[in-house]
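Participant: Structure incoming, see below.
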Amino acid sequence: MKAIALFSGGLDSTLAMKLIIDQGIEVLAINIATGFGSTKDRREHMENMCRQVGAEFKIVDIQDEYLQDVLFDPKYGYGKHFNPCIDCHAKMFEVAKRIMKDEGASFLISGEVLGQRPMSQNKDALQTVLNESNCEGLLLRPMSAKRLAPTIPEIEGWVDREKLEDIMGRSRDRQMELAKEIGLTDFESPGGGCLLTDENFGKKMWDFIKYDTFEKQDIPVMKHGRHFRLENGAKLVIGRDKDENEFLQNIENEKFFHIRTVGLPGPHALLSKNATLEDRELATRGILTYCKTKAGENYTLSFDGEEVTATPLESREVMKPFSIM
């Protein structure tokens with residue numbers, strides 16, 4: 001017997017897998033990558049969690065499918081920010097069901113807890129996800145199973161319902177008890193890792209689609225740096241530290257110039273290639289305000305290898321009206 005687990009890397013989904021593995025069922029944990037997960041590389045952490053409970057691990061990339069089917073026209077709308085949670089979950093279970101068939105597995109599991117999240121984990125939302133993904137009866141939610149209708153694996157006796165949980169609400173007490181009982185270590189604090197639920201990230205998304213068509217190649221641009229929308233509509237992104245500068249340097253996106261300072265320590269930046277001359281001047285002068293410069297002096301910057309000179313703005317305050325975050 002084999003099950004496919006929707007795995008976020010968090011405590012709930014780890015415990016859900018353990019409850020099923022302890023009943024002698026093989027579990028393949030799939031982390032579905034939409035492109036909007038944490039800015040940190042969490043693969044090592046997720047592999048560690050799976051090792052601790054005895055699950056196999058796999059990442060499944062659905063970025064193209066997610067942009068096409070979910071992100072910009074969600075049937076059930078957005079949450080508080082740019083998060084189409086119900087449509088997103090339904091898509092993930094639809095993908096998981098395809099993998100279930102390919103892997104010869106018999107059912108699906110997830111770490112969802114009834115009532116933990118007001119939009120996506122209330123009883124109506126959980127049922128909607130089942131309906132939209134065509135997973136009725138196939139999806140077992142071990143953490144709240146006793147509060148939900150029995151699923152096929154419970155009815156058929158593949159899984160002992162009495163050994164599952166009846167957790168409800170936002171308290172984490174029972175989860176912490178279970179983690180202690182099984183000796184689980186290095187698990188993450190609760191909080192969710194989807195950038196689309198973040199207020200500031202949501203602002204960047206709304207701003208981007210106001211001016212441009214959003215594509216897969218634009219996802220990395222959104223994840224790092226200070227973001228500005230300049231006077232005539234150009235997008236400017238300025239790295240905030242060494243790690244962000246290195247990340248921005250490695251982005252390949254034909255919509256943007258790469259800008260760096262020459263002979264002067266400074267941030268790496270991206271600027272829309274369709275920027276007007278006025279926006280190009282504002283961008284170069286604004287970038288220099290994040291360097292150790294002197295007012296009125298000329299400094300050299302490189303636009304994809306083409307060198308230009310500019311003087312810094314009087315202060316960073318001039319950039320504030322253009323700041324998104």
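In the structure tokens, each chain is lettered A, B, ... as it comes, each chain's residues begin at 1, and ligands are numbered from 1 in order of appearance.
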Compile the contact shell of segment 207-212 of chain A as a PyMOL selection string: residues with an atom at most 9 Å away, counting only C-alpha atoms, same-chain residues fewer than 6 positions apart removed.
Facilitator: chain A and resi 222+229+233-235+324
Participant: Using only C-alpha atoms, which protein or nucleic acid residues come within 9 Å of Ile287 of chain A? Drop anything in the same chain fewer than 6 positions from it, and give the result as number ranges by chain.
Facilitator: A: 238, 259-261, 266-269, 312-313
Participant: Once DSSP has gone over the backbone, tell me which residues of segment 19-218 of chain A are in strand (DSSP E), as a list of chain:residue names.
Facilitator: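 Restricting segment 19-218 of chain A to strand (DSSP E) produces A:Glu26, A:Val27, A:Leu28, A:Ala29, A:Ile30, A:Asn31, A:Ile32, A:Ala33, A:Glu56, A:Phe57, A:Lys58, A:Ile59, A:Val60, A:Asp61, A:Phe107, A:Leu108, A:Ile109, A:Leu139, A:Leu140.
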Participant: If we count only C-alpha atoms and set the cut-off at 12 Å, which residues sit around Lys101 of chain A, ignoring sequence neighbours fewer than 5 positions away in its own chain? Please answer as number ranges by chain.
Facilitator: A: 2-4, 94-96, 106-108, 138
Participant: To one decimal place in Å, what is the distance between atom CA of Ile167 of chain A and atom CA of Asn83 of chain A?
Facilitator: 24.8 Å
Participant: Which residues, written as a ChimeraX atom specification, have at least one atom at most 8 Å from Glu188 of chain A, with only C-alpha atoms counted and residues fewer than 2 positions away on the same chain left out?
Facilitator: /A:9-11,186,190
Participant: Would you mind exporting the chosen residues as a short mmCIF file (atom, residue, chain, number, x, y, z; two decimals), in the first residue's frame, restricted to N, CA, C and O atoms?
Facilitator:
data_model
loop_
_atom_site.label_atom_id
_atom_site.label_comp_id
_atom_site.auth_asym_id
_atom_site.auth_seq_id
_atom_site.Cartn_x
_atom_site.Cartn_y
_atom_site.Cartn_z
N GLY A 9 6.84 20.75 4.13
CA GLY A 9 8.05 20.85 4.93
C GLY A 9 7.75 21.26 6.35
O GLY A 9 8.63 21.25 7.22
N GLY A 10 6.49 21.62 6.62
CA GLY A 10 6.10 22.06 7.96
C GLY A 10 5.77 20.91 8.89
O GLY A 10 5.75 19.74 8.50
N LEU A 11 5.46 21.26 10.12
CA LEU A 11 5.21 20.25 11.15
C LEU A 11 3.95 19.44 10.87
O LEU A 11 3.96 18.22 11.00
N ASP A 186 14.34 19.67 14.81
CA ASP A 186 14.65 20.66 13.75
C ASP A 186 13.46 21.01 12.88
O ASP A 186 13.63 21.44 11.74
N PRO A 190 5.53 27.24 13.03
CA PRO A 190 4.43 27.44 12.10
C PRO A 190 4.42 28.84 11.53
O PRO A 190 4.92 29.77 12.14
#
Participant: Pick from A:Glu314, A:His224, A:Leu271, A:Ser133: nearest to Phe201 of chain A, with only C-alpha atoms counted?
Facilitator: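 Residue with the minimum atom-to-atom distance to Phe201 of chain A: A:His224.
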Participant: Near Ile21 of chain A, within 8 Å and counting only C-alpha atoms, which residues show up once chain neighbours fewer than 3 positions away are dropped, as a compact mmCIF listing (two decimals) with C-alpha atoms, in the first residue's frame?
Facilitator:
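Listed below is the output, selection-v5.txt:
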# COMPACT_ATOMS: atom_id res chain seq x y z
CA MET A 17 2.90 11.36 7.09
CA LYS A 18 4.16 9.76 10.30
CA GLY A 24 2.69 0.21 7.55
CA ILE A 25 1.94 2.31 4.48
CA GLU A 26 4.67 3.61 2.17
CA VAL A 27 4.55 7.38 1.67
CA VAL A 53 9.65 9.91 9.56
CA GLY A 54 10.70 7.47 6.83
CA ALA A 55 9.14 9.04 3.74
Participant: Compile the contact shell of segment 77-82 of chain A as a VMD selection string: residues with an atom at most 10 Å away, counting only C-alpha atoms, same-chain residues fewer than 6 positions apart removed.
Facilitator: chain A and resid 70 to 71 118 to 120 195 to 206
Participant: Would you mind exporting all heavy atoms of the selected residues as a CSV table (one decimal), in the first residue's frame?
Facilitator:
chain,number,residue,atom,x,y,z
A,70,VAL,N,-4.1,29.1,-12.5
A,70,VAL,CA,-4.5,29.5,-11.2
A,70,VAL,C,-4.3,31.0,-10.8
A,70,VAL,O,-5.3,31.7,-10.5
A,70,VAL,CB,-3.8,28.7,-10.1
A,70,VAL,CG1,-4.2,29.1,-8.7
A,70,VAL,CG2,-4.1,27.2,-10.3
A,71,LEU,N,-3.1,31.5,-11.0
A,71,LEU,CA,-2.7,32.7,-10.3
A,71,LEU,C,-3.5,34.0,-10.7
A,71,LEU,O,-3.9,34.8,-9.8
A,71,LEU,CB,-1.2,33.0,-10.6
A,71,LEU,CG,-0.6,34.1,-9.7
A,71,LEU,CD1,-0.8,33.9,-8.3
A,71,LEU,CD2,0.8,34.3,-10.1
A,118,PRO,N,-8.4,30.5,8.3
A,118,PRO,CA,-9.8,30.9,8.1
A,118,PRO,C,-10.3,30.8,6.7
A,118,PRO,O,-11.5,30.4,6.4
A,118,PRO,CB,-9.9,32.3,8.6
A,118,PRO,CG,-8.5,32.8,8.6
A,118,PRO,CD,-7.7,31.6,8.9
A,119,MET,N,-9.5,31.1,5.7
A,119,MET,CA,-10.0,31.0,4.3
A,119,MET,C,-9.9,29.6,3.7
A,119,MET,O,-10.8,29.2,3.1
A,119,MET,CB,-9.2,32.0,3.5
A,119,MET,CG,-9.6,32.0,2.0
A,119,MET,SD,-8.6,33.1,0.9
A,119,MET,CE,-9.3,32.7,-0.7
A,120,SER,N,-8.7,29.0,3.9
A,120,SER,CA,-8.5,27.8,3.1
A,120,SER,C,-8.7,26.5,3.9
A,120,SER,O,-8.7,25.4,3.3
A,120,SER,CB,-7.1,27.8,2.6
A,120,SER,OG,-6.1,27.8,3.6
A,195,LEU,N,4.8,33.1,-0.4
A,195,LEU,CA,5.0,34.6,-0.6
A,195,LEU,C,3.8,35.3,-0.9
A,195,LEU,O,3.6,36.5,-0.6
A,195,LEU,CB,6.1,34.8,-1.6
A,195,LEU,CG,7.5,34.4,-1.2
A,195,LEU,CD1,8.5,34.5,-2.4
A,195,LEU,CD2,8.1,35.2,0.0
A,196,LEU,N,2.8,34.6,-1.6
A,196,LEU,CA,1.6,35.3,-2.0
A,196,LEU,C,0.7,35.7,-0.9
A,196,LEU,O,-0.2,36.6,-1.1
A,196,LEU,CB,0.8,34.4,-3.0
A,196,LEU,CG,1.6,34.1,-4.3
A,196,LEU,CD1,0.8,33.0,-5.1
A,196,LEU,CD2,1.7,35.3,-5.2
A,197,THR,N,1.0,35.2,0.3
A,197,THR,CA,0.2,35.6,1.5
A,197,THR,C,0.8,36.8,2.2
A,197,THR,O,0.2,37.3,3.1
A,197,THR,CB,0.1,34.4,2.5
A,197,THR,OG1,1.4,34.1,3.0
A,197,THR,CG2,-0.6,33.2,1.8
A,198,ASP,N,2.0,37.2,1.7
A,198,ASP,CA,2.7,38.3,2.4
A,198,ASP,C,2.2,39.6,1.8
A,198,ASP,O,2.1,39.8,0.6
A,198,ASP,CB,4.2,38.2,2.1
A,198,ASP,CG,5.0,39.3,2.7
A,198,ASP,OD1,5.2,39.3,3.9
A,198,ASP,OD2,5.3,40.2,2.0
A,199,GLU,N,1.9,40.6,2.7
A,199,GLU,CA,1.3,41.9,2.2
A,199,GLU,C,2.2,42.6,1.3
A,199,GLU,O,1.8,43.1,0.2
A,199,GLU,CB,1.0,42.7,3.5
A,199,GLU,CG,0.4,44.1,3.1
A,199,GLU,CD,0.1,45.0,4.3
A,199,GLU,OE1,0.5,44.5,5.4
A,199,GLU,OE2,-0.4,46.1,4.1
A,200,ASN,N,3.5,42.7,1.6
A,200,ASN,CA,4.4,43.5,0.8
A,200,ASN,C,4.6,42.8,-0.6
A,200,ASN,O,4.7,43.4,-1.6
A,200,ASN,CB,5.8,43.7,1.5
A,200,ASN,CG,5.7,44.7,2.6
A,200,ASN,OD1,4.9,45.7,2.5
A,200,ASN,ND2,6.3,44.4,3.7
A,201,PHE,N,4.7,41.4,-0.6
A,201,PHE,CA,4.9,40.7,-1.8
A,201,PHE,C,3.7,40.9,-2.7
A,201,PHE,O,3.8,41.1,-3.9
A,201,PHE,CB,5.2,39.2,-1.6
A,201,PHE,CG,5.6,38.5,-2.8
A,201,PHE,CD1,7.0,38.5,-3.1
A,201,PHE,CD2,4.8,37.8,-3.6
A,201,PHE,CE1,7.4,37.8,-4.2
A,201,PHE,CE2,5.2,37.2,-4.8
A,201,PHE,CZ,6.5,37.2,-5.1
A,202,GLY,N,2.5,40.9,-2.1
A,202,GLY,CA,1.3,41.1,-2.8
A,202,GLY,C,1.2,42.5,-3.5
A,202,GLY,O,0.8,42.6,-4.6
A,203,LYS,N,1.8,43.5,-2.8
A,203,LYS,CA,1.8,44.8,-3.4
A,203,LYS,C,2.7,44.8,-4.6
A,203,LYS,O,2.4,45.5,-5.6
A,203,LYS,CB,2.4,45.8,-2.4
A,203,LYS,CG,1.4,46.2,-1.2
A,203,LYS,CD,2.1,47.1,-0.2
A,203,LYS,CE,1.2,47.5,0.9
A,203,LYS,NZ,1.9,48.3,1.9
A,204,LYS,N,3.8,44.1,-4.6
A,204,LYS,CA,4.7,44.0,-5.7
A,204,LYS,C,4.0,43.3,-6.9
A,204,LYS,O,4.2,43.7,-8.1
A,204,LYS,CB,6.0,43.3,-5.4
A,204,LYS,CG,6.9,44.0,-4.4
A,204,LYS,CD,8.3,43.4,-4.3
A,204,LYS,CE,8.3,42.1,-3.7
A,204,LYS,NZ,9.7,41.5,-3.6
A,205,MET,N,3.2,42.3,-6.6
A,205,MET,CA,2.5,41.6,-7.7
A,205,MET,C,1.5,42.4,-8.3
A,205,MET,O,1.4,42.5,-9.6
A,205,MET,CB,1.9,40.3,-7.1
A,205,MET,CG,2.9,39.2,-6.7
A,205,MET,SD,3.8,38.5,-8.1
A,205,MET,CE,2.5,37.8,-9.1
A,206,TRP,N,0.7,43.1,-7.5
A,206,TRP,CA,-0.4,44.0,-8.1
A,206,TRP,C,0.3,45.1,-8.9
A,206,TRP,O,-0.2,45.4,-10.0
A,206,TRP,CB,-1.2,44.6,-7.0
A,206,TRP,CG,-2.2,43.7,-6.3
A,206,TRP,CD1,-2.2,43.3,-5.0
A,206,TRP,CD2,-3.3,43.0,-6.9
A,206,TRP,NE1,-3.2,42.4,-4.8
A,206,TRP,CE2,-3.9,42.2,-5.9
A,206,TRP,CE3,-3.8,42.9,-8.2
A,206,TRP,CZ2,-5.0,41.4,-6.2
A,206,TRP,CZ3,-4.9,42.1,-8.5
A,206,TRP,CH2,-5.5,41.4,-7.5
Participant: Counting only C-alpha atoms, which residue out of A:Glu47, A:Phe257, A:Pro153, A:Thr185 sits closest to Gln23 of chain A?
Facilitator: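 Checking each of A:Glu47, A:Phe257, A:Pro153, A:Thr185 against Gln23 of chain A, counting only C-alpha atoms, the winner is A:Pro153.
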Participant: If DSSP is run on the backbone, what residues of segment 263-307 of chain A are helix (DSSP H, G or I)? A reply as a list of chain:residue names would be ideal.
Facilitator: A:Leu277, A:Glu278, A:Asp279, A:Arg280, A:Glu281, A:Leu282, A:Ala283, A:Thr284, A:Arg285, A:Gly286, A:Ile287, A:Leu288
Participant: Rounded to one decimal place, report the atom CA of Ile86 of chain A-atom CA of Phe72 of chain A distance in Å.
Facilitator: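 Taking atom CA of Ile86 of chain A as the start and atom CA of Phe72 of chain A as the end point, the length is 13.3 Å.
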Participant: Please provide as number ranges by chain all residues within 10 Å of Thr34 of chain A, with the sequence filter that same-chain residues fewer than 2 positions apart are discarded (counting only C-alpha atoms).
Facilitator: A: 31-32, 36-37, 60-67, 71, 88, 92, 194, 216, 219
Participant: With distances taken over only C-alpha atoms, which of A:Leu126, A:Ala90, A:Leu164, A:Met49 is nearest to Asp69 of chain A?
Facilitator: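 Among the listed residues, the smallest separation from Asp69 of chain A belongs to A:Ala90.
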Participant: What does the distance between atom CA of Glu254 of chain A and atom CA of Asp304 of chain A come to in Å, to one decimal place?
Facilitator: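 Distance between the two atoms: 11.1 Å.
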Participant: Determine the nearest neighbour of Gly263 of chain A from the options A:Met100, A:Val113, A:Ala149, A:Leu301, counting only C-alpha atoms.
Facilitator: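 Nearest to Gly263 of chain A: A:Leu301.
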Participant: Check the smallest atom-to-atom distance from each of A:Glu103, A:Ile155, A:Glu244, A:Lys163 to Lys40 of chain A using only C-alpha atoms, then report the winner.
Facilitator: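 Checking each candidate against Lys40 of chain A, we get A:Glu244 as the closest.
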Participant: Which is closest to Glu156 of chain A among A:Gly137, A:Arg170, A:Cys50, A:Ala310, if we use only C-alpha atoms?
Facilitator: A:Gly137
